[in-house]
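Written out below as structure tokens is the structure these notes cover.
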Amino acid sequence: TVTNTLKVGTFEITKVVDWSGVTPTDVEFSGTWAATLGSTSVGSGDWTVNAGNDWTFTGPTLPAGATVALTENTASGWTAAWSPSDSLTIVDGQKAATTVTHTLAAGSFEVRKAIDFSDAEEFETGPFSGTWEATLPDASTQSGTWSVSEADGWAWSGPTLPAGTKVTLAEDPAAGWTPSWSATELEVSSGEPATATVTNKLKVGDFSLKKIVDWGDASQYQVGPFTGTWEATLNG
């Protein structure tokens with residue numbers, strides 16, 4: 001009796017996730033595999049990796065010499081890179097391995113402040129503050145507050161968020177100022193931060209004095225000028 005034992009091996013896909021500075025969330029990546037030996041199909045199927053399986057998929061036992069072609073389903077907002085390859089050769093008694101790295105496209109946003117004193121004498125002012133709310137591509141939301149002052153150059157930088165995130169901005173009321181936004185809605189993209197400028201214009205007015213001279217029963221004559229001082233305070 002002659003027993004022929006088939007030489008076999010398997011393959012493994014490992015996922016590396018680069019969040020580009022974004023706070024990680026629950027994600028899953030998937031794709032397909034197809035194995036051929038010569039011109040004969042010897043197996044095919046789907047693969048899935050996530051935090052639950054430690055970002056690793058191990059394929060079935062396949063004949064040595066088989067070639068396994070790997071594909072990945074498109075994941076919006078991510079770029080994928082295989083190393084060493086998306087094609088593996090099964091080796092007897094071994095596990096052919098490859099790694100696919102996913103990098104999240106991400107960016108940020110910035111709030112800038114401009115001050116318009118409306119021709120009034122400039123004075124120290126600020127800080128000015130407000131809120132932001134972000135809707136991420138997966139429909140989840142994040143929110144927070146922003147604050148700008150002269151000390152930080154009248155600019156505030158937001159957190160790193162996935163590209164495609166929509167951000168809505170608002171400013172807290174500031175007594176005596178009228179705000180005007182270049183944009184209250186931004187979309188985050190990779191590269192330079194999405195920027196909105198809010199200009200605060202000072203509400204101003206003026207005052208005048210009128211002198212009335214009561215001569216009583218005396219004869220009038222040229223008099224004056226009369227002088228004095230004035231002092232203005234803002235918010236106490």
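Labels used: A, B, ... for chains in the order of the structure tokens, numbers from 1 for residues in each chain, and numbers from 1 for ligands as shown.
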
Hey, which bits of segment 131-212 of chain A sit within 12 Å of segment 7-31 of chain A, and for each residue what's the closest pair of atoms and how far apart in Å (one decimal), counting only C-alpha atoms, rows by chain and increasing number, as a Markdown table?
```
| residue | atom | partner | partner_atom | distance |
| --- | --- | --- | --- | --- |
| A:Leu136 | CA | A:Thr25 | CA | 11.2 |
| A:Asp138 | CA | A:Val27 | CA | 10.0 |
| A:Ser140 | CA | A:Thr25 | CA | 9.9 |
| A:Thr141 | CA | A:Thr25 | CA | 11.8 |
| A:Gln142 | CA | A:Thr23 | CA | 10.7 |
| A:Gly158 | CA | A:Val22 | CA | 11.7 |
| A:Pro159 | CA | A:Val22 | CA | 8.1 |
| A:Thr160 | CA | A:Val22 | CA | 5.5 |
| A:Leu161 | CA | A:Val22 | CA | 5.7 |
| A:Pro162 | CA | A:Val22 | CA | 6.9 |
| A:Ala163 | CA | A:Val22 | CA | 10.3 |
| A:Thr165 | CA | A:Val22 | CA | 11.8 |
| A:Ser190 | CA | A:Ser20 | CA | 10.1 |
| A:Gly191 | CA | A:Ser20 | CA | 11.9 |
```

Identify, on the basis of only C-alpha atoms, every residue whose closest approach to segment 87-100 of chain A does not exceed 12 Å; exclude the query and any residue fewer than 3 positions from it along the same chain; express the result as a VMD selection string.
chain A and resid 5 to 18 29 to 38 42 49 55 to 72 78 to 84 103

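You will find atom CA of Ser149 of chain A at 5.5 Å from atom CA of Gly126 of chain A.
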
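Each of A:Asp46, A:Glu110, A:Asp172, A:Asp86 was checked against Ala194 of chain A using only C-alpha atoms; the smallest atom-to-atom distance is that of A:Glu110.
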
* Asked: Using the chain letters and numbers from this document, which residues of segment 43-109 of chain A does DSSP assign to strand (DSSP E), as number ranges by chain?
  -> A: 43-50, 56-58, 62-63, 67-72, 78-83, 87-89, 95-104, 106-107, 109
